[in-house]
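S.K.: Got entry02.pdb for you, PDB, C-alpha atoms:
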```
MODEL        1
ATOM      1  CA  MET A   1       0.305 -17.727   4.962
ATOM      2  CA  SER A   2      -0.573 -14.024   4.825
ATOM      3  CA  LEU A   3      -2.039 -12.229   1.879
ATOM      4  CA  ILE A   4       0.024  -9.286   0.651
ATOM      5  CA  VAL A   5      -2.163  -6.365  -0.350
ATOM      6  CA  ASP A   6      -0.962  -3.782  -2.847
ATOM      7  CA  THR A   7      -1.534  -0.413  -1.181
ATOM      8  CA  SER A   8       0.402   1.696  -3.664
ATOM      9  CA  PRO A   9      -1.435   4.930  -4.521
ATOM     10  CA  VAL A  10      -4.031   4.882  -7.305
ATOM     11  CA  GLU A  11      -4.907   7.961  -9.348
ATOM     12  CA  LYS A  12      -7.668   8.785 -11.855
ATOM     13  CA  LYS A  13      -8.488  11.975 -13.728
ATOM     14  CA  ILE A  14     -12.152  13.020 -13.500
ATOM     15  CA  GLY A  15     -13.264  16.267 -15.059
ATOM     16  CA  GLY A  16     -10.650  18.880 -14.234
ATOM     17  CA  ALA A  17      -9.503  17.117 -11.078
ATOM     18  CA  LYS A  18      -7.523  14.108 -10.038
ATOM     19  CA  VAL A  19      -8.864  11.547  -7.599
ATOM     20  CA  ARG A  20      -6.256   9.663  -5.601
ATOM     21  CA  LEU A  21      -6.430   6.715  -3.239
ATOM     22  CA  VAL A  22      -3.689   6.559  -0.615
ATOM     23  CA  LYS A  23      -2.979   4.675   2.599
ATOM     24  CA  ASP A  24      -2.140   7.247   5.248
ATOM     25  CA  ASP A  25      -3.237   8.898   8.489
ATOM     26  CA  ILE A  26      -5.659  11.588   7.348
ATOM     27  CA  SER A  27      -5.042  13.801  10.381
ATOM     28  CA  ALA A  28      -1.298  13.890   9.602
ATOM     29  CA  MET A  29      -1.609  14.503   5.848
ATOM     30  CA  ASP A  30      -0.091  17.555   4.207
ATOM     31  CA  ILE A  31      -3.254  18.635   2.357
ATOM     32  CA  GLU A  32      -5.302  21.821   2.273
ATOM     33  CA  ALA A  33      -8.351  20.268   3.961
ATOM     34  CA  PHE A  34      -9.760  16.958   5.085
ATOM     35  CA  VAL A  35     -13.164  15.642   6.090
ATOM     36  CA  TYR A  36     -13.828  14.318   9.572
ATOM     37  CA  TYR A  37     -16.871  12.088  10.117
ATOM     38  CA  ALA A  38     -18.276  14.014  13.057
ATOM     39  CA  THR A  39     -20.903  13.351  15.687
ATOM     40  CA  SER A  40     -23.895  15.697  15.744
ATOM     41  CA  ASP A  41     -22.672  17.361  18.984
ATOM     42  CA  LEU A  42     -19.365  18.185  17.212
ATOM     43  CA  LYS A  43     -17.261  16.816  20.073
ATOM     44  CA  LEU A  44     -13.842  15.498  19.061
ATOM     45  CA  GLY A  45     -13.954  12.106  20.741
ATOM     46  CA  SER A  46     -12.065   8.892  20.171
ATOM     47  CA  GLY A  47     -10.190   7.660  17.092
ATOM     48  CA  HIS A  48      -9.486  10.375  14.529
ATOM     49  CA  GLY A  49     -11.280  12.920  16.718
ATOM     50  CA  ASN A  50      -8.746  12.324  19.456
ATOM     51  CA  ALA A  51      -5.862  12.567  16.960
ATOM     52  CA  ILE A  52      -7.278  15.841  15.616
ATOM     53  CA  SER A  53      -7.659  17.228  19.132
ATOM     54  CA  MET A  54      -4.221  16.128  20.328
ATOM     55  CA  ARG A  55      -2.280  17.166  17.214
ATOM     56  CA  GLY A  56      -4.331  20.215  16.290
ATOM     57  CA  GLY A  57      -4.695  21.748  19.732
ATOM     58  CA  PRO A  58      -7.722  23.182  21.563
ATOM     59  CA  SER A  59      -8.628  25.849  18.984
ATOM     60  CA  ILE A  60     -10.507  23.319  16.817
ATOM     61  CA  GLN A  61     -12.853  22.190  19.603
ATOM     62  CA  LYS A  62     -13.346  25.823  20.688
ATOM     63  CA  GLU A  63     -14.469  26.690  17.159
ATOM     64  CA  LEU A  64     -16.799  23.674  17.096
ATOM     65  CA  ASP A  65     -18.283  24.630  20.481
ATOM     66  CA  GLN A  66     -19.289  28.004  19.016
ATOM     67  CA  ILE A  67     -21.110  26.232  16.169
ATOM     68  CA  GLY A  68     -23.047  23.897  18.456
ATOM     69  CA  VAL A  69     -24.938  21.000  16.894
ATOM     70  CA  LEU A  70     -25.361  19.745  13.311
ATOM     71  CA  GLY A  71     -28.068  17.550  11.872
ATOM     72  CA  ALA A  72     -27.475  14.386   9.857
ATOM     73  CA  THR A  73     -25.845  15.031   6.439
ATOM     74  CA  GLU A  74     -24.770  18.573   7.414
ATOM     75  CA  ALA A  75     -21.182  19.787   7.226
ATOM     76  CA  VAL A  76     -19.235  22.739   8.590
ATOM     77  CA  VAL A  77     -15.698  24.061   8.011
ATOM     78  CA  THR A  78     -13.264  24.986  10.783
ATOM     79  CA  GLY A  79      -9.614  25.806  10.954
ATOM     80  CA  ALA A  80      -7.232  22.913  11.565
ATOM     81  CA  GLY A  81      -5.223  24.392  14.422
ATOM     82  CA  GLU A  82      -1.663  23.100  14.443
ATOM     83  CA  LEU A  83      -2.263  20.299  11.900
ATOM     84  CA  LYS A  84      -0.603  20.350   8.470
ATOM     85  CA  ALA A  85      -4.018  20.930   6.882
ATOM     86  CA  GLN A  86      -5.527  24.427   6.890
ATOM     87  CA  TYR A  87      -9.154  23.338   7.261
ATOM     88  CA  ILE A  88     -11.297  20.487   8.518
ATOM     89  CA  ILE A  89     -14.760  19.804   7.152
ATOM     90  CA  HIS A  90     -16.760  18.194   9.954
ATOM     91  CA  ALA A  91     -19.548  16.145   8.366
ATOM     92  CA  VAL A  92     -22.306  14.310  10.238
ATOM     93  CA  GLY A  93     -23.194  11.188   8.299
ATOM     94  CA  PRO A  94     -25.462   8.206   8.827
ATOM     95  CA  LYS A  95     -24.834   5.319  11.174
ATOM     96  CA  PHE A  96     -25.260   1.577  10.666
ATOM     97  CA  GLN A  97     -28.795   0.368   9.936
ATOM     98  CA  GLU A  98     -30.130   3.916   9.781
ATOM     99  CA  GLU A  99     -33.022   4.417   7.364
ATOM    100  CA  ASP A 100     -31.978   5.663   3.891
ATOM    101  CA  MET A 101     -28.334   5.128   4.845
ATOM    102  CA  GLU A 102     -26.936   5.214   1.291
ATOM    103  CA  ARG A 103     -28.860   8.360   0.336
ATOM    104  CA  LYS A 104     -27.764  10.069   3.575
ATOM    105  CA  LEU A 105     -24.150   9.073   2.970
ATOM    106  CA  GLU A 106     -24.350  10.453  -0.569
ATOM    107  CA  THR A 107     -25.788  13.736   0.753
ATOM    108  CA  THR A 108     -23.085  13.950   3.440
ATOM    109  CA  VAL A 109     -20.306  13.502   0.856
ATOM    110  CA  LEU A 110     -21.982  15.996  -1.488
ATOM    111  CA  ASN A 111     -22.373  18.573   1.293
ATOM    112  CA  SER A 112     -18.692  18.140   2.187
ATOM    113  CA  LEU A 113     -17.687  18.783  -1.434
ATOM    114  CA  LYS A 114     -19.931  21.865  -1.562
ATOM    115  CA  LYS A 115     -18.441  23.240   1.669
ATOM    116  CA  ALA A 116     -14.957  22.798   0.178
ATOM    117  CA  ASP A 117     -16.012  24.786  -2.880
ATOM    118  CA  GLU A 118     -17.655  27.499  -0.764
ATOM    119  CA  LYS A 119     -14.351  27.910   1.087
ATOM    120  CA  GLY A 120     -12.288  27.881  -2.132
ATOM    121  CA  ILE A 121     -10.480  24.668  -1.191
ATOM    122  CA  LYS A 122      -8.537  23.055  -4.044
ATOM    123  CA  ALA A 123      -7.334  19.816  -2.383
ATOM    124  CA  LEU A 124      -9.583  17.748  -0.112
ATOM    125  CA  ALA A 125      -9.096  14.361   1.569
ATOM    126  CA  PHE A 126     -11.873  12.019   2.698
ATOM    127  CA  PRO A 127     -11.679   9.052   5.056
ATOM    128  CA  PRO A 128     -13.833   5.993   4.288
ATOM    129  CA  MET A 129     -17.008   7.796   5.415
ATOM    130  CA  GLY A 130     -19.032   5.840   7.973
ATOM    131  CA  ALA A 131     -16.905   2.701   7.859
ATOM    132  CA  GLY A 132     -15.489   1.353  11.098
ATOM    133  CA  PHE A 133     -17.134   2.795  14.221
ATOM    134  CA  TYR A 134     -20.341   3.823  12.404
ATOM    135  CA  GLY A 135     -20.766   0.353  10.914
ATOM    136  CA  ILE A 136     -21.351   1.137   7.250
ATOM    137  CA  GLY A 137     -19.898  -1.641   5.111
ATOM    138  CA  LEU A 138     -16.727  -0.794   3.215
ATOM    139  CA  ASP A 139     -18.164  -1.900  -0.141
ATOM    140  CA  VAL A 140     -21.172   0.396   0.363
ATOM    141  CA  THR A 141     -18.945   3.239   1.530
ATOM    142  CA  ALA A 142     -16.603   2.907  -1.468
ATOM    143  CA  GLU A 143     -19.470   2.688  -3.965
ATOM    144  CA  VAL A 144     -21.437   5.650  -2.596
ATOM    145  CA  MET A 145     -18.433   7.893  -2.004
ATOM    146  CA  LEU A 146     -16.724   7.359  -5.355
ATOM    147  CA  THR A 147     -19.970   7.547  -7.339
ATOM    148  CA  THR A 148     -20.835  10.829  -5.595
ATOM    149  CA  ILE A 149     -17.343  12.305  -6.035
ATOM    150  CA  GLU A 150     -17.236  11.229  -9.680
ATOM    151  CA  GLY A 151     -20.624  12.811 -10.402
ATOM    152  CA  TYR A 152     -19.697  16.047  -8.642
ATOM    153  CA  LEU A 153     -16.378  16.417 -10.460
ATOM    154  CA  LYS A 154     -17.891  15.557 -13.853
ATOM    155  CA  GLU A 155     -20.436  18.381 -13.457
ATOM    156  CA  GLY A 156     -17.457  20.726 -13.693
ATOM    157  CA  ASN A 157     -18.862  23.416 -11.377
ATOM    158  CA  THR A 158     -16.060  22.998  -8.862
ATOM    159  CA  GLY A 159     -12.748  24.568  -8.022
ATOM    160  CA  LEU A 160     -11.464  21.297  -6.576
ATOM    161  CA  LYS A 161      -8.319  20.094  -8.321
ATOM    162  CA  GLU A 162      -7.620  17.075  -6.130
ATOM    163  CA  VAL A 163      -9.790  14.729  -4.073
ATOM    164  CA  VAL A 164      -7.995  12.108  -2.009
ATOM    165  CA  ILE A 165      -9.518   9.035  -0.426
ATOM    166  CA  CYS A 166      -7.318   8.277   2.560
ATOM    167  CA  ALA A 167      -7.557   4.676   3.739
ATOM    168  CA  ASN A 168      -6.235   4.044   7.207
ATOM    169  CA  ASP A 169      -5.223   0.439   6.536
ATOM    170  CA  SER A 170      -5.223  -2.344   3.934
ATOM    171  CA  ARG A 171      -8.729  -3.467   4.914
ATOM    172  CA  ASP A 172     -10.090  -0.001   4.022
ATOM    173  CA  PHE A 173      -7.908   0.297   0.931
ATOM    174  CA  VAL A 174      -9.044  -2.825  -0.973
ATOM    175  CA  PRO A 175     -12.728  -1.925  -1.690
ATOM    176  CA  PHE A 176     -11.740   1.600  -2.737
ATOM    177  CA  ARG A 177      -9.044   0.277  -5.102
ATOM    178  CA  LYS A 178     -11.580  -2.069  -6.675
ATOM    179  CA  ARG A 179     -14.134   0.737  -7.163
ATOM    180  CA  MET A 180     -11.498   3.202  -8.447
ATOM    181  CA  GLU A 181     -10.491   0.735 -11.152
ATOM    182  CA  GLU A 182     -14.078   1.017 -12.467
ATOM    183  CA  LEU A 183     -13.961   4.821 -12.761
ATOM    184  CA  ARG A 184     -13.800   6.250 -16.252
TER     185      ARG A 184
ENDMDL
END
```
Using structure tokens, write down the structure that the file contains.

M.R.:
Amino acid sequence: MSLIVDTSPVEKKIGGAKVRLVKDDISAMDIEAFVYYATSDLKLGSGHGNAISMRGGPSIQKELDQIGVLGATEAVVTGAGELKAQYIIHAVGPKFQEEDMERKLETTVLNSLKKADEKGIKALAFPPMGAGFYGIGLDVTAEVMLTTIEGYLKEGNTGLKEVVICANDSRDFVPFRKRMEELR
């Protein structure tokens, strides 16, 4: 017997923006910008990096090569090549069992939001930051990300009108749905 998971979109209003949870492929979304959980060398490797490279074309990696290397929690904005999005925010976050992981994840999310504002971006999508390959637990990821996004939007010093959490599958979706239901 399989468990059927409700993955219908969830939406909450926070400050002057809406926060949505969707199940989709972030690299194929029709959104102004999305965040990519990058490696410090800014090489588009496997997983979403490969999808970004294949769908977006070589211009994205060329732009990243000119930037060089980022430290943990730093973020940078590039064009999105041939993707539907206009921009990609490449953010270097913590990895599993790294010291101060939750604080570093919070800073990474915050720096991504700030980069979006610096660029004048109104609609931004996030993946479950650090979950999967980087080994951060989904419950931790959902808690840190949504608490950080909620705090940033409630401050009101942002031009963001929409923040989307884009879960790749049902496993990613469930902890974010649970945490979104707690948002006020």

S.K.: Give as a ChimeraX atom specification every residue, naming chains and numbers as the document does, that has an atom within 7 Å of (-4.7, 19.0, 11.1), counting all atoms listed in the file.

M.R.: /A:27-28,52,55-56,80-86

S.K.: Might you pull out every residue within 12 Å of Gly47 in chain A, with all atoms listed in the file counted and same-chain residues fewer than 4 positions away left off, and present them as a PyMOL selection string?

M.R.: chain A and resi 25-27+36-38+43+51-54+132-134+168

S.K.: Grab the residues selected above and save them as a short mmCIF file (atom, residue, chain, number, x, y, z; two decimals), in the coordinates of the input with C-alpha atoms.

M.R.:
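Output file part_30.cif is given in full below:
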```
data_model
loop_
_atom_site.label_atom_id
_atom_site.label_comp_id
_atom_site.auth_asym_id
_atom_site.auth_seq_id
_atom_site.Cartn_x
_atom_site.Cartn_y
_atom_site.Cartn_z
CA ASP A 25 -3.24 8.90 8.49
CA ILE A 26 -5.66 11.59 7.35
CA SER A 27 -5.04 13.80 10.38
CA TYR A 36 -13.83 14.32 9.57
CA TYR A 37 -16.87 12.09 10.12
CA ALA A 38 -18.28 14.01 13.06
CA LYS A 43 -17.26 16.82 20.07
CA ALA A 51 -5.86 12.57 16.96
CA ILE A 52 -7.28 15.84 15.62
CA SER A 53 -7.66 17.23 19.13
CA MET A 54 -4.22 16.13 20.33
CA GLY A 132 -15.49 1.35 11.10
CA PHE A 133 -17.13 2.80 14.22
CA TYR A 134 -20.34 3.82 12.40
CA ASN A 168 -6.24 4.04 7.21
#
```

S.K.: Between range 2-91 of chain A and range 158-164 of chain A, at 6 Å or less, what are the per-residue closest atom pairs and their distances in Å? Count all atoms listed in the file, order by chain and rising residue number, and return it as a tab-separated table.

M.R.:
```
residue	atom	partner	partner_atom	distance
A:Ala17	CA	A:Lys161	CA	4.2
A:Lys18	CA	A:Glu162	CA	4.9
A:Val19	CA	A:Val163	CA	4.8
A:Arg20	CA	A:Val164	CA	4.7
A:Leu21	CA	A:Val164	CA	5.7
```

S.K.: Using CA of Asn111 in chain A and CA of Ser8 in chain A as the two end points, give the distance in Å to one decimal.

M.R.: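 That distance, rounded to one decimal, is 28.8 Å.
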
S.K.: From the options A:Leu110, A:Ile60, A:Cys166, A:Ala75, which residue's atoms come nearest to Pro127 in chain A, counting all atoms listed in the file?

M.R.: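 Residue with the minimum atom-to-atom distance to Pro127 in chain A: A:Cys166.
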
S.K.: Can you tell me which residues surround Asp6 in chain A at a distance of at most 9 Å, considering all atoms listed in the file, apart from same-chain residues fewer than 3 positions away, and format the answer as a count of residues only?

M.R.: 4

S.K.: I'd like the neighbourhood of Pro128 in chain A as JSON, numbers by chain, where a residue qualifies if any of its atoms comes within 8 Å (using only C-alpha atoms), though same-chain residues fewer than 3 positions away should be ignored.

M.R.: {"A": [131, 138, 141, 142, 165, 166, 167, 172]}

S.K.: CA of Ala125 in chain A and CA of Val35 in chain A, how far apart in Å?

M.R.: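 The value is 6.2 Å.
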
S.K.: In Å, rounded to a single decimal, give me how far CA of Gly135 in chain A is from CA of Glu98 in chain A.

M.R.: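 Between CA of Glu98 in chain A and CA of Gly135 in chain A the gap is 10.1 Å.
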
S.K.: Smallest atom-to-atom distance to Met145 in chain A: which of A:Arg179, A:Lys62, A:Lys23, A:Lys115, using all atoms listed in the file?

M.R.: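 Of A:Arg179, A:Lys62, A:Lys23, A:Lys115, the one nearest Met145 in chain A, counting all atoms listed in the file, is A:Arg179.
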
S.K.: Given the choices A:Lys122, A:Thr73, A:Lys95, A:Asp65, which gets closest to Ile31 in chain A if the distance is worked out from all atoms listed in the file?

M.R.: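 Among the listed residues, the smallest separation from Ile31 in chain A belongs to A:Lys122.
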
S.K.: Kindly compute an axis-aligned box around the listed atoms of range 102-115 of chain A, allowing 4 Å on each side, and express its centre and edge lengths in Å to one decimal as JSON.

M.R.:
```
{"center_x": -23.3, "center_y": 14.2, "center_z": 1.0, "size_x": 19.2, "size_y": 26.0, "size_z": 13.1}
```

S.K.: List, as a PDB file with C-alpha atoms, keeping the file's coordinate frame, every residue that the PyMOL selection byres ((chain A and resi 103) around 12) selects in the file provided.

M.R.:
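Contents of part.pdb, as written:
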```pdb
ATOM      1  CA  ALA A  72     -27.475  14.386   9.857  1.00  0.00           C
ATOM      2  CA  THR A  73     -25.845  15.031   6.439  1.00  0.00           C
ATOM      3  CA  GLY A  93     -23.194  11.188   8.299  1.00  0.00           C
ATOM      4  CA  PRO A  94     -25.462   8.206   8.827  1.00  0.00           C
ATOM      5  CA  LYS A  95     -24.834   5.319  11.174  1.00  0.00           C
ATOM      6  CA  GLU A  98     -30.130   3.916   9.781  1.00  0.00           C
ATOM      7  CA  GLU A  99     -33.022   4.417   7.364  1.00  0.00           C
ATOM      8  CA  ASP A 100     -31.978   5.663   3.891  1.00  0.00           C
ATOM      9  CA  MET A 101     -28.334   5.128   4.845  1.00  0.00           C
ATOM     10  CA  GLU A 102     -26.936   5.214   1.291  1.00  0.00           C
ATOM     11  CA  LYS A 104     -27.764  10.069   3.575  1.00  0.00           C
ATOM     12  CA  LEU A 105     -24.150   9.073   2.970  1.00  0.00           C
ATOM     13  CA  GLU A 106     -24.350  10.453  -0.569  1.00  0.00           C
ATOM     14  CA  THR A 107     -25.788  13.736   0.753  1.00  0.00           C
ATOM     15  CA  THR A 108     -23.085  13.950   3.440  1.00  0.00           C
ATOM     16  CA  VAL A 109     -20.306  13.502   0.856  1.00  0.00           C
ATOM     17  CA  LEU A 110     -21.982  15.996  -1.488  1.00  0.00           C
ATOM     18  CA  VAL A 140     -21.172   0.396   0.363  1.00  0.00           C
ATOM     19  CA  THR A 141     -18.945   3.239   1.530  1.00  0.00           C
ATOM     20  CA  GLU A 143     -19.470   2.688  -3.965  1.00  0.00           C
ATOM     21  CA  VAL A 144     -21.437   5.650  -2.596  1.00  0.00           C
ATOM     22  CA  MET A 145     -18.433   7.893  -2.004  1.00  0.00           C
ATOM     23  CA  THR A 147     -19.970   7.547  -7.339  1.00  0.00           C
ATOM     24  CA  THR A 148     -20.835  10.829  -5.595  1.00  0.00           C
TER      25      THR A 148
END
```
